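Q: Have a peek at model.csv (CSV, C-alpha atoms (C1' of nucleotides)).
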```csv
chain,number,residue,atom,x,y,z
A,1,MET,CA,-11.7,-7.6,36.5
A,2,GLN,CA,-8.0,-8.5,36.5
A,3,ILE,CA,-5.3,-6.9,34.5
A,4,GLU,CA,-5.0,-9.7,32.0
A,5,GLU,CA,-8.7,-9.6,31.3
A,6,ALA,CA,-8.6,-5.8,31.0
A,7,LYS,CA,-5.8,-6.1,28.5
A,8,GLN,CA,-7.7,-8.7,26.5
A,9,LYS,CA,-10.6,-6.4,26.3
A,10,PHE,CA,-8.5,-3.5,25.2
A,11,VAL,CA,-6.9,-5.5,22.5
A,12,GLN,CA,-10.3,-6.8,21.3
A,13,ALA,CA,-11.7,-3.3,21.3
A,14,TRP,CA,-8.8,-1.9,19.4
A,15,GLY,CA,-9.2,-4.6,16.8
A,16,ALA,CA,-12.9,-3.9,16.4
A,17,LEU,CA,-12.3,-0.2,16.2
A,18,GLY,CA,-9.6,-0.8,13.6
A,19,SER,CA,-11.8,-2.9,11.3
A,20,GLN,CA,-14.5,-0.2,11.4
A,21,TRP,CA,-11.9,2.2,10.3
A,22,GLY,CA,-10.4,0.3,7.4
A,23,ILE,CA,-7.5,-1.1,9.3
A,24,ASN,CA,-7.2,-4.9,9.4
A,25,LYS,CA,-8.4,-6.3,12.7
A,26,THR,CA,-5.2,-8.3,13.4
A,27,MET,CA,-3.0,-5.3,12.5
A,28,ALA,CA,-4.9,-3.2,15.0
A,29,GLN,CA,-4.7,-5.9,17.7
A,30,ILE,CA,-0.9,-6.3,17.2
A,31,HIS,CA,-0.6,-2.5,17.6
A,32,ALA,CA,-2.7,-2.6,20.8
A,33,LEU,CA,-0.4,-5.3,22.2
A,34,MET,CA,2.5,-3.1,21.5
A,35,MET,CA,1.0,0.0,23.0
A,36,LEU,CA,0.5,-1.9,26.2
A,37,SER,CA,4.0,-3.4,26.3
A,38,LYS,CA,6.9,-1.3,27.4
A,39,GLU,CA,9.2,-4.0,26.2
A,40,PRO,CA,9.8,-4.7,22.6
A,41,LEU,CA,7.9,-7.9,21.4
A,42,SER,CA,9.0,-10.6,19.1
A,43,THR,CA,7.0,-12.3,16.4
A,44,GLU,CA,6.8,-15.4,18.5
A,45,GLU,CA,5.3,-13.5,21.4
A,46,ILE,CA,2.7,-11.9,19.2
A,47,MET,CA,1.7,-15.2,17.6
A,48,GLU,CA,1.3,-16.6,21.0
A,49,GLU,CA,-0.7,-13.9,22.6
A,50,LEU,CA,-3.1,-13.5,19.7
A,51,SER,CA,-3.1,-17.2,18.6
A,52,ILE,CA,-2.3,-16.4,15.0
A,53,SER,CA,0.0,-17.9,12.4
A,54,ARG,CA,3.5,-16.8,11.7
A,55,GLY,CA,2.6,-15.6,8.3
A,56,ASN,CA,-0.2,-13.5,9.6
A,57,ALA,CA,1.9,-12.0,12.3
A,58,ASN,CA,4.7,-11.3,9.9
A,59,MET,CA,2.5,-9.6,7.3
A,60,ASN,CA,0.7,-7.4,9.7
A,61,ILE,CA,3.9,-6.3,11.5
A,62,ARG,CA,5.3,-5.2,8.2
A,63,GLU,CA,2.2,-3.4,7.4
A,64,LEU,CA,2.4,-1.6,10.7
A,65,ILE,CA,6.0,-0.7,9.9
A,66,ASP,CA,4.8,0.7,6.6
A,67,TRP,CA,2.4,2.9,8.5
A,68,SER,CA,5.2,4.0,10.7
A,69,LEU,CA,3.3,2.9,13.8
A,70,VAL,CA,5.9,0.2,14.7
A,71,SER,CA,9.6,-0.1,14.4
A,72,LYS,CA,12.2,-2.8,14.5
A,73,VAL,CA,14.6,-2.8,17.4
A,74,PHE,CA,17.7,-4.9,17.9
A,75,LYS,CA,18.2,-6.6,21.2
A,76,GLN,CA,21.7,-6.9,22.5
A,77,GLY,CA,22.9,-10.5,21.9
A,78,GLU,CA,19.6,-11.6,20.4
A,79,ARG,CA,19.2,-12.9,16.9
A,80,ARG,CA,15.5,-12.5,16.4
A,81,ASP,CA,13.8,-9.2,15.6
A,82,TYR,CA,11.9,-7.3,18.2
A,83,PHE,CA,9.4,-4.6,17.6
A,84,VAL,CA,8.1,-1.6,19.5
A,85,GLY,CA,4.9,0.3,18.9
A,86,GLU,CA,4.3,4.1,18.9
A,87,LYS,CA,2.7,4.9,22.2
A,88,ASP,CA,1.9,8.6,21.8
A,89,VAL,CA,-1.9,8.5,21.0
A,90,TRP,CA,-1.9,11.9,19.4
A,91,LYS,CA,0.9,10.9,17.1
A,92,ILE,CA,-0.8,7.6,16.2
A,93,ALA,CA,-4.0,9.5,15.3
A,94,LYS,CA,-2.1,12.0,13.2
A,95,GLN,CA,-0.2,9.3,11.4
A,96,VAL,CA,-3.4,7.3,10.6
A,97,ALA,CA,-5.0,10.6,9.4
A,98,LYS,CA,-2.0,11.4,7.2
A,99,ILE,CA,-2.0,8.0,5.5
A,100,ARG,CA,-5.7,7.9,5.0
A,101,LYS,CA,-5.7,11.4,3.7
A,102,THR,CA,-3.1,10.5,1.1
A,103,ARG,CA,-4.8,7.3,0.0
A,104,GLU,CA,-8.4,8.5,0.1
A,105,LEU,CA,-9.1,12.2,0.4
A,106,ASP,CA,-6.4,13.4,-2.0
A,107,PRO,CA,-7.6,11.3,-5.0
A,108,ILE,CA,-11.2,12.3,-4.3
A,109,LEU,CA,-10.2,16.0,-4.4
A,110,LYS,CA,-8.4,15.5,-7.6
A,111,LEU,CA,-11.3,13.7,-9.2
A,112,LEU,CA,-13.8,16.4,-8.0
A,113,ASP,CA,-11.6,19.0,-9.5
A,114,GLU,CA,-11.6,17.2,-12.9
A,115,ILE,CA,-15.3,16.7,-12.8
A,116,LYS,CA,-15.9,20.4,-12.1
A,117,GLN,CA,-14.1,21.3,-15.3
A,118,ILE,CA,-16.6,19.4,-17.3
A,119,ASP,CA,-19.7,20.8,-18.7
A,120,THR,CA,-19.4,24.2,-17.1
A,121,ASP,CA,-21.1,26.1,-19.8
A,122,LYS,CA,-24.2,24.1,-19.9
A,123,LYS,CA,-27.2,26.1,-18.8
A,124,ASP,CA,-29.9,23.4,-18.6
A,125,GLU,CA,-31.3,22.5,-15.2
A,126,GLU,CA,-29.7,19.1,-15.0
A,127,SER,CA,-26.2,20.4,-15.7
A,128,LYS,CA,-26.6,23.2,-13.2
A,129,HIS,CA,-27.7,20.9,-10.5
A,130,PHE,CA,-24.8,18.5,-11.2
A,131,GLN,CA,-22.4,21.4,-11.0
A,132,LYS,CA,-23.9,22.6,-7.7
A,133,MET,CA,-23.7,19.1,-6.1
A,134,VAL,CA,-20.1,18.5,-7.2
A,135,GLY,CA,-19.2,22.0,-6.1
A,136,ASP,CA,-20.8,21.5,-2.7
A,137,VAL,CA,-19.0,18.2,-2.1
A,138,HIS,CA,-15.8,19.7,-3.3
A,139,LYS,CA,-16.1,22.6,-0.9
A,140,LEU,CA,-16.7,20.2,2.1
A,141,ALA,CA,-13.8,18.0,1.0
A,142,LEU,CA,-11.5,21.0,0.8
A,143,ASN,CA,-12.5,22.2,4.3
A,144,VAL,CA,-11.9,18.7,5.7
A,145,ASP,CA,-8.5,18.7,3.9
A,146,ARG,CA,-7.6,22.0,5.5
A,147,LEU,CA,-8.7,20.8,8.9
A,148,ILE,CA,-6.5,17.8,8.7
A,149,GLU,CA,-3.6,19.8,7.5
A,150,GLY,CA,-4.1,22.1,10.5
A,151,ILE,CA,-4.2,19.1,12.8
A,152,PHE,CA,-0.9,17.8,11.4
A,153,LYS,CA,0.8,21.0,12.5
A,154,ALA,CA,-1.0,21.4,15.8
A,155,GLU,CA,0.2,20.5,19.2
A,156,GLU,CA,-2.3,18.3,20.9
A,157,SER,CA,-3.2,20.4,24.0
A,158,TRP,CA,-3.4,23.6,22.0
A,159,PHE,CA,-5.7,22.1,19.5
A,160,TRP,CA,-8.2,20.6,21.9
A,161,ASP,CA,-8.1,23.7,24.0
A,162,LYS,CA,-9.0,25.9,21.0
A,163,ILE,CA,-11.7,23.5,19.8
A,164,LEU,CA,-13.4,23.2,23.1
A,165,LYS,CA,-13.4,27.0,23.5
A,166,LEU,CA,-15.0,27.3,20.1
A,167,PHE,CA,-18.0,25.5,21.2
A,168,THR,CA,-18.4,26.9,24.7
A,169,LYS,CA,-17.8,30.5,24.0
B,170,MET,CA,-15.8,14.6,-20.7
B,171,GLN,CA,-19.5,14.6,-21.2
B,172,ILE,CA,-22.1,14.9,-18.4
B,173,GLU,CA,-23.0,11.2,-18.5
B,174,GLU,CA,-19.3,10.3,-18.1
B,175,ALA,CA,-18.9,12.8,-15.3
B,176,LYS,CA,-21.9,11.4,-13.5
B,177,GLN,CA,-20.6,7.9,-13.8
B,178,LYS,CA,-17.3,9.0,-12.3
B,179,PHE,CA,-19.0,10.7,-9.4
B,180,VAL,CA,-21.1,7.7,-8.6
B,181,GLN,CA,-18.1,5.4,-8.8
B,182,ALA,CA,-16.0,7.7,-6.6
B,183,TRP,CA,-18.8,8.0,-4.0
B,184,GLY,CA,-19.1,4.2,-3.9
B,185,ALA,CA,-15.3,3.8,-3.4
B,186,LEU,CA,-15.3,6.5,-0.7
B,187,GLY,CA,-18.3,4.8,1.0
B,188,SER,CA,-16.6,1.4,1.2
B,189,GLN,CA,-13.5,2.9,2.7
B,190,TRP,CA,-15.8,4.3,5.4
B,191,GLY,CA,-17.7,1.3,6.3
B,192,ILE,CA,-20.6,2.0,4.1
B,193,ASN,CA,-21.7,-0.6,1.6
B,194,LYS,CA,-20.5,0.3,-1.9
B,195,THR,CA,-23.9,-0.1,-3.6
B,196,MET,CA,-25.6,1.9,-0.8
B,197,ALA,CA,-23.2,4.8,-1.4
B,198,GLN,CA,-23.7,4.6,-5.2
B,199,ILE,CA,-27.5,4.7,-4.8
B,200,HIS,CA,-27.1,7.7,-2.6
B,201,ALA,CA,-24.8,9.4,-5.2
B,202,LEU,CA,-27.4,8.8,-7.9
B,203,MET,CA,-30.0,10.4,-5.7
B,204,MET,CA,-27.9,13.4,-4.9
B,205,LEU,CA,-27.5,14.0,-8.6
B,206,SER,CA,-31.1,13.6,-9.4
B,207,LYS,CA,-33.5,16.4,-8.7
B,208,GLU,CA,-36.4,14.1,-9.5
B,209,PRO,CA,-37.3,11.2,-7.2
B,210,LEU,CA,-36.1,7.8,-8.5
B,211,SER,CA,-37.8,4.5,-8.6
B,212,THR,CA,-36.3,1.1,-7.8
B,213,GLU,CA,-36.4,0.2,-11.5
B,214,GLU,CA,-34.4,3.3,-12.4
B,215,ILE,CA,-31.8,2.5,-9.8
B,216,MET,CA,-31.5,-1.1,-10.9
B,217,GLU,CA,-31.1,0.0,-14.4
B,218,GLU,CA,-28.5,2.7,-13.8
B,219,LEU,CA,-26.3,0.6,-11.6
B,220,SER,CA,-27.0,-2.7,-13.2
B,221,ILE,CA,-28.0,-4.4,-10.0
B,222,SER,CA,-30.7,-6.9,-9.0
B,223,ARG,CA,-34.0,-5.9,-7.5
B,224,GLY,CA,-33.2,-7.5,-4.2
B,225,ASN,CA,-30.0,-5.6,-3.9
B,226,ALA,CA,-31.6,-2.3,-4.8
B,227,ASN,CA,-34.4,-2.8,-2.4
B,228,MET,CA,-32.2,-3.7,0.6
B,229,ASN,CA,-29.8,-0.8,0.1
B,230,ILE,CA,-32.6,1.7,-0.4
B,231,ARG,CA,-34.1,0.6,2.9
B,232,GLU,CA,-30.7,0.8,4.6
B,233,LEU,CA,-30.4,4.4,3.3
B,234,ILE,CA,-33.9,5.2,4.7
B,235,ASP,CA,-32.7,3.7,8.0
B,236,TRP,CA,-29.8,6.2,7.9
B,237,SER,CA,-32.3,9.0,7.2
B,238,LEU,CA,-30.4,9.8,4.0
B,239,VAL,CA,-33.2,8.9,1.7
B,240,SER,CA,-37.0,9.2,2.0
B,241,LYS,CA,-40.0,7.7,0.2
B,242,VAL,CA,-42.1,10.0,-1.8
B,243,PHE,CA,-45.5,9.4,-3.4
B,244,LYS,CA,-46.0,10.4,-6.9
B,245,GLN,CA,-49.4,11.6,-7.9
B,246,GLY,CA,-51.2,8.9,-9.8
B,247,GLU,CA,-48.2,6.5,-9.7
B,248,ARG,CA,-48.3,3.2,-8.0
B,249,ARG,CA,-44.7,2.5,-7.5
B,250,ASP,CA,-42.5,4.0,-4.8
B,251,TYR,CA,-40.1,6.8,-5.5
B,252,PHE,CA,-37.2,8.0,-3.4
B,253,VAL,CA,-35.3,11.2,-2.9
B,254,GLY,CA,-31.9,11.6,-1.4
B,255,GLU,CA,-30.8,14.2,1.0
B,256,LYS,CA,-28.8,16.8,-0.9
B,257,ASP,CA,-27.4,19.1,1.7
B,258,VAL,CA,-23.8,17.9,2.0
B,259,TRP,CA,-23.3,19.2,5.5
B,260,LYS,CA,-26.5,17.5,6.7
B,261,ILE,CA,-25.3,14.2,5.1
B,262,ALA,CA,-21.9,14.5,6.8
B,263,LYS,CA,-23.5,15.2,10.1
B,264,GLN,CA,-25.9,12.3,9.8
B,265,VAL,CA,-23.2,9.9,8.9
B,266,ALA,CA,-21.1,11.2,11.9
B,267,LYS,CA,-24.1,10.8,14.2
B,268,ILE,CA,-24.8,7.2,13.3
B,269,ARG,CA,-21.2,6.1,13.4
B,270,LYS,CA,-20.7,7.9,16.7
B,271,THR,CA,-23.5,6.0,18.2
B,272,ARG,CA,-22.5,2.7,16.8
B,273,GLU,CA,-18.7,2.9,17.3
B,274,LEU,CA,-17.4,5.7,19.4
B,275,ASP,CA,-20.0,5.5,22.2
B,276,PRO,CA,-19.4,1.8,23.0
B,277,ILE,CA,-15.6,2.3,22.9
B,278,LEU,CA,-16.0,5.2,25.4
B,279,LYS,CA,-18.1,3.0,27.7
B,280,LEU,CA,-15.6,0.2,27.5
B,281,LEU,CA,-12.6,2.5,28.2
B,282,ASP,CA,-14.4,3.8,31.2
B,283,GLU,CA,-14.9,0.3,32.5
B,284,ILE,CA,-11.4,-0.7,31.9
B,285,LYS,CA,-10.1,2.3,33.7
B,286,GLN,CA,-11.9,1.2,36.9
B,287,ILE,CA,-9.9,-1.9,37.0
B,288,ASP,CA,-6.7,-2.4,38.7
B,289,THR,CA,-6.4,1.2,39.7
B,290,ASP,CA,-4.5,0.6,43.0
B,291,LYS,CA,-1.8,-1.5,41.5
B,292,LYS,CA,1.6,0.2,41.8
B,293,ASP,CA,3.8,-2.0,39.7
B,294,GLU,CA,5.2,-0.7,36.5
B,295,GLU,CA,3.1,-2.8,34.2
B,296,SER,CA,-0.2,-1.7,35.8
B,297,LYS,CA,0.9,1.9,35.8
B,298,HIS,CA,1.7,1.8,32.1
B,299,PHE,CA,-1.6,0.1,31.3
B,300,GLN,CA,-3.5,2.8,33.2
B,301,LYS,CA,-1.6,5.5,31.4
B,302,MET,CA,-2.3,4.1,27.9
B,303,VAL,CA,-5.9,3.5,28.6
B,304,GLY,CA,-6.2,7.0,30.1
B,305,ASP,CA,-4.6,8.6,27.1
B,306,VAL,CA,-6.8,6.8,24.6
B,307,HIS,CA,-9.8,7.7,26.7
B,308,LYS,CA,-8.9,11.3,26.8
B,309,LEU,CA,-8.5,11.5,23.0
B,310,ALA,CA,-11.8,9.6,22.5
B,311,LEU,CA,-13.5,12.1,24.8
B,312,ASN,CA,-12.2,15.0,22.9
B,313,VAL,CA,-13.3,13.5,19.6
B,314,ASP,CA,-16.7,13.0,21.1
B,315,ARG,CA,-16.9,16.6,22.2
B,316,LEU,CA,-15.8,17.8,18.7
B,317,ILE,CA,-18.5,15.7,17.1
B,318,GLU,CA,-21.1,17.0,19.5
B,319,GLY,CA,-20.0,20.5,18.7
B,320,ILE,CA,-20.3,19.8,15.0
B,321,PHE,CA,-23.9,18.5,15.4
B,322,LYS,CA,-24.9,21.9,16.8
B,323,ALA,CA,-22.9,24.0,14.5
B,324,GLU,CA,-24.0,25.8,11.4
B,325,GLU,CA,-21.7,24.9,8.6
B,326,SER,CA,-20.3,28.3,7.6
B,327,TRP,CA,-19.8,29.3,11.2
B,328,PHE,CA,-17.9,26.1,11.9
B,329,TRP,CA,-15.5,26.3,9.0
B,330,ASP,CA,-14.9,30.0,9.4
B,331,LYS,CA,-13.9,29.4,13.0
B,332,ILE,CA,-11.7,26.4,12.2
B,333,LEU,CA,-9.9,28.1,9.4
B,334,LYS,CA,-9.2,31.1,11.6
B,335,LEU,CA,-7.9,28.9,14.3
B,336,PHE,CA,-5.1,27.7,12.0
B,337,THR,CA,-4.2,31.0,10.4
B,338,LYS,CA,-4.3,33.3,13.4
C,339,DT,C1',-62.8,-11.1,-5.2
C,340,DT,C1',-59.5,-11.2,-8.5
C,341,DA,C1',-55.5,-10.2,-10.7
C,342,DA,C1',-51.9,-7.2,-12.0
C,343,DA,C1',-48.4,-4.2,-10.2
C,344,DC,C1',-45.2,-3.8,-7.1
C,345,DT,C1',-42.3,-4.8,-2.8
C,346,DT,C1',-40.0,-7.7,0.4
C,347,DT,C1',-37.6,-11.7,1.8
C,348,DC,C1',-34.1,-15.1,1.9
C,349,DA,C1',-31.6,-19.3,0.5
C,350,DA,C1',-28.0,-20.1,-2.5
C,351,DA,C1',-24.2,-18.4,-5.4
C,352,DA,C1',-20.6,-15.4,-6.2
C,353,DA,C1',-17.2,-12.2,-4.9
C,354,DC,C1',-14.1,-10.7,-1.5
C,355,DC,C1',-10.7,-10.8,2.1
C,356,DA,C1',-7.9,-12.6,5.8
C,357,DC,C1',-5.3,-16.6,7.5
C,358,DT,C1',-2.6,-20.7,7.5
C,359,DG,C1',1.4,-23.4,7.0
C,360,DA,C1',5.0,-25.1,4.7
C,361,DA,C1',8.6,-24.1,1.5
C,362,DA,C1',12.0,-20.8,0.0
C,363,DA,C1',15.0,-17.2,1.1
C,364,DT,C1',17.9,-14.8,4.2
C,365,DT,C1',20.9,-14.1,8.1
C,366,DC,C1',24.3,-15.3,11.3
C,367,DA,C1',27.8,-18.1,13.9
C,368,DT,C1',31.2,-21.2,13.6
D,369,DA,C1',31.4,-23.2,3.3
D,370,DT,C1',27.8,-25.3,6.4
D,371,DG,C1',23.9,-25.5,8.9
D,372,DA,C1',20.9,-23.7,12.4
D,373,DA,C1',17.9,-19.9,13.4
D,374,DT,C1',14.9,-16.7,11.7
D,375,DT,C1',12.1,-14.2,8.3
D,376,DT,C1',9.5,-13.9,4.1
D,377,DT,C1',6.5,-15.4,0.6
D,378,DC,C1',2.4,-17.2,-1.4
D,379,DA,C1',-0.9,-20.9,-3.1
D,380,DG,C1',-4.5,-22.9,-1.1
D,381,DT,C1',-8.2,-22.8,2.5
D,382,DG,C1',-11.8,-20.9,5.1
D,383,DG,C1',-14.8,-17.4,6.6
D,384,DT,C1',-17.4,-13.2,5.8
D,385,DT,C1',-20.1,-10.1,3.1
D,386,DT,C1',-22.6,-9.0,-0.9
D,387,DT,C1',-25.6,-10.1,-4.6
D,388,DT,C1',-28.8,-12.6,-7.1
D,389,DG,C1',-33.2,-14.2,-8.5
D,390,DA,C1',-37.2,-16.3,-7.7
D,391,DA,C1',-41.0,-17.1,-4.5
D,392,DA,C1',-43.9,-15.1,-1.1
D,393,DG,C1',-46.2,-11.1,0.4
D,394,DT,C1',-48.7,-6.8,-0.1
D,395,DT,C1',-51.3,-3.2,-2.2
D,396,DT,C1',-54.4,-1.2,-5.5
D,397,DA,C1',-57.8,-0.8,-9.2
D,398,DA,C1',-61.6,-2.6,-11.3
```
In structure tokens, write the structure found in this file.

A:
Amino acid sequence: MQIEEAKQKFVQAWGALGSQWGINKTMAQIHALMMLSKEPLSTEEIMEELSISRGNANMNIRELIDWSLVSKVFKQGERRDYFVGEKDVWKIAKQVAKIRKTRELDPILKLLDEIKQIDTDKKDEESKHFQKMVGDVHKLALNVDRLIEGIFKAEESWFWDKILKLFTK
Amino acid sequence: MQIEEAKQKFVQAWGALGSQWGINKTMAQIHALMMLSKEPLSTEEIMEELSISRGNANMNIRELIDWSLVSKVFKQGERRDYFVGEKDVWKIAKQVAKIRKTRELDPILKLLDEIKQIDTDKKDEESKHFQKMVGDVHKLALNVDRLIEGIFKAEESWFWDKILKLFTK
DNA sequence: TTAAACTTTCAAAAACCACTGAAAATTCAT
DNA sequence: ATGAATTTTCAGTGGTTTTTGAAAGTTTAA
């Protein structure tokens, strides 16, 4: 396998992974390209490499900027915009976790909290079971929330070191 | 808020959560209904509660059975099939993690391994950078893999206890 | 064996989502 | 100011996924 082929595979794989994780395929592919390129890339180059339209490239680059995974850079004497992607894989993972937590986990936690308030004095079987299930889900969601919060603050090597030891000890 | 309203909200929320996580909305909603019901449910009851067609109900119930989140039960003297959903939230989470790991993480790990073999002797900057990025992603993916494997074996309270202590100590 | 009860299948329709491409808006150099 | 270069927008198109509903298939009781 040659390097160009390997790059293609990486970009494809990143796109597939992205779409399984709620990230637009093209957005993930653009990000993959940028991870692999030390040099900033222009919209033209991205359109070219992925064979996509200008509109598509533009929209997804902006979305990546919104996610703070890509930033604009200005090239000396050049008029067009160039972009660089975040290359620290740990930072990328944390950033994705942060955004998805805000968009998905936080609202669920809020809702579960609300639902728990309801109907708390009912003593019939149905209500008790409902309370138990909501409570169980809420507990798990809270723990996941704390885990993610912990990850945000953690340094990568420390975190994996501790986790691995947890399971071997 | 009355209990019926609360149930509706829970089912809706579960559906939304599911679709953000690559699980069909209806499939997630059916599972939510089953978590909340102590009694087994029939296809008819599910169609009714969610206002969906028979075909849709049938397909998604079977998918849930494939995921081992729901099982068929036979009701004494009843002809039609009834179904019960897994209610242990930790087991549910582990089961979803297991299936998604097999479908998504494992193939990615395999591919990254393959890609790493390529082009290893090249000494130019581009190749070196490519090798580094692929290696970094691979390392993270391996660690996530080990974490998930650890979770499979862990008992819930033990796991969260250890994790929480990790971050507070 | 028959027929009613029930389940499964699947082609077509509907709903959903991403992409294109060209026009409008913006930026920059002269 | 003017126009060339570049970016942004968005209505329309096209592709994918989900859902429907009715027909085919299966099971059970009599």

Q: Show me, as a list in words, the residues of chain C whose atoms get within 12 Å of chain A, using all atoms listed in the file for the distance check.

A: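 The answer, sorted by residue number, is DC355, DA356, DC357, DT358, DG359, DA360, DT365, DC366 and DA367 of chain C.
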
Q: Fewer than 2 positions away in the same chain doesn't count, so skip those; otherwise give me all residues within 9 Å of D:DT376, counting only C-alpha atoms (C1' of nucleotides), as a list in words.

A: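 Near neighbours after the sequence-gap exclusion: Gly55, Asn58 and Met59 of chain A; DA362, DA363 and DT364 of chain C.
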
Q: Could those selected residues go to a file with C-alpha atoms (C1' of nucleotides), as a short mmCIF file (atom, residue, chain, number, x, y, z; two decimals), in the frame of the given file?

A:
```cif
data_model
loop_
_atom_site.label_atom_id
_atom_site.label_comp_id
_atom_site.auth_asym_id
_atom_site.auth_seq_id
_atom_site.Cartn_x
_atom_site.Cartn_y
_atom_site.Cartn_z
CA GLY A 55 2.60 -15.60 8.30
CA ASN A 58 4.70 -11.30 9.90
CA MET A 59 2.50 -9.60 7.30
"C1'" DA C 362 12.00 -20.80 0.00
"C1'" DA C 363 15.00 -17.20 1.10
"C1'" DT C 364 17.90 -14.80 4.20
#
```

Q: Find the distance between atom CA of A:Trp14 and atom CA of B:Gly304 and write it in Å to one decimal.

A: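 So the answer is 14.2 Å.
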
Q: Could you list, as a compact mmCIF listing (two decimals) with C-alpha atoms (C1' of nucleotides), in the coordinates of the input, the residues of chain D having an atom within 10 Å of chain B when counting only C-alpha atoms (C1' of nucleotides)?

A:
```
# COMPACT_ATOMS: atom_id res chain seq x y z
C1' DT D 385 -20.10 -10.10 3.10
C1' DT D 386 -22.60 -9.00 -0.90
C1' DT D 387 -25.60 -10.10 -4.60
C1' DT D 388 -28.80 -12.60 -7.10
C1' DG D 389 -33.20 -14.20 -8.50
C1' DT D 395 -51.30 -3.20 -2.20
C1' DT D 396 -54.40 -1.20 -5.50
```

Q: Residues of chain B that have any atom at most 9 Å from an atom of chain A: could you tabulate them with the shortest-distance atom pair and the distance in Å to one decimal, using all atoms listed in the file, ordered by chain and increasing number, as CSV?

A:
```
residue,atom,partner,partner_atom,distance
B:Met170,CA,A:Ile118,CA,5.9
B:Gln171,CA,A:Asp119,CA,6.7
B:Ile172,CA,A:Asp119,CA,6.4
B:Ala175,CA,A:Ile115,CA,5.9
B:Lys176,CA,A:Phe130,CA,8.0
B:Lys178,CA,A:Ile115,CA,8.0
B:Phe179,CA,A:Ile115,CA,7.8
B:Ala182,CA,A:Ile108,CA,7.0
B:Trp183,CA,A:Ile108,CA,8.7
B:Leu186,CA,A:Glu104,CA,7.2
B:Ser188,CA,A:Gly22,CA,8.8
B:Gln189,CA,A:Gly22,CA,6.2
B:Trp190,CA,A:Trp21,CA,6.6
B:Gly191,CA,A:Gln20,CA,6.2
B:Met204,CA,A:Met133,CA,7.2
B:Leu205,CA,A:Phe130,CA,5.9
B:Ser206,CA,A:Glu126,CA,8.0
B:Lys207,CA,A:His129,CA,7.6
B:Lys256,CA,A:Met133,CA,7.6
B:Asp257,CA,A:Asp136,CA,8.3
B:Val258,CA,A:Val137,CA,6.3
B:Trp259,CA,A:Leu140,CA,7.5
B:Glu273,CA,A:Leu17,CA,7.2
B:Leu274,CA,A:Leu17,CA,8.4
B:Ile277,CA,A:Ala13,CA,7.0
B:Leu280,CA,A:Ala13,CA,8.1
B:Leu281,CA,A:Phe10,CA,7.9
B:Glu283,CA,A:Ala6,CA,8.9
B:Ile284,CA,A:Ala6,CA,5.9
B:Lys285,CA,A:Ala6,CA,8.7
B:Gln286,CA,A:Met1,CA,8.8
B:Ile287,CA,A:Met1,CA,6.0
B:Asp288,CA,A:Ile3,CA,6.3
B:Glu295,CA,A:Lys38,CA,7.9
B:Ser296,CA,A:Ile3,CA,7.4
B:His298,CA,A:Leu36,CA,7.1
B:Phe299,CA,A:Leu36,CA,5.9
B:Met302,CA,A:Leu36,CA,6.8
B:Val303,CA,A:Phe10,CA,8.2
B:Asp305,CA,A:Val89,CA,6.7
B:Val306,CA,A:Val89,CA,6.3
B:Leu309,CA,A:Val89,CA,7.5
B:Asn312,CA,A:Trp160,CA,7.0
B:Arg315,CA,A:Leu164,CA,7.5
B:Leu316,CA,A:Ile163,CA,7.1
B:Gly319,CA,A:Phe167,CA,5.9
B:Ile320,CA,A:Phe167,CA,8.7
B:Lys322,CA,A:Phe167,CA,8.9
B:Ala323,CA,A:Phe167,CA,8.4
B:Phe328,CA,A:Leu166,CA,8.8
B:Trp329,CA,A:Asn143,CA,6.9
B:Lys331,CA,A:Leu166,CA,7.5
B:Ile332,CA,A:Leu147,CA,7.2
B:Leu333,CA,A:Leu147,CA,7.4
B:Leu335,CA,A:Lys162,CA,7.4
B:Phe336,CA,A:Gly150,CA,5.9
B:Thr337,CA,A:Gly150,CA,8.9
```

Q: Between atom C1' of C:DT347 and atom CA of B:Glu213, measure the distance and give it in Å to one decimal.

A: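 About the pair atom C1' of C:DT347 and atom CA of B:Glu213: they are 17.9 Å apart.
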
Q: As an exercise, work out the distance from atom CA of B:Tyr251 to atom CA of B:Ser211 in Å and give it to one decimal place.

A: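 Distance between the two atoms: 4.5 Å.
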
Q: Stretch 233-238 of chain B: which residues within 8 Å, counting only C-alpha atoms (C1' of nucleotides), same-chain residues fewer than 5 positions away excluded, as a list in words?

A: Met196, His200, Gly254, Glu255, Ile261, Gln264, Val265 and Ile268 of chain B
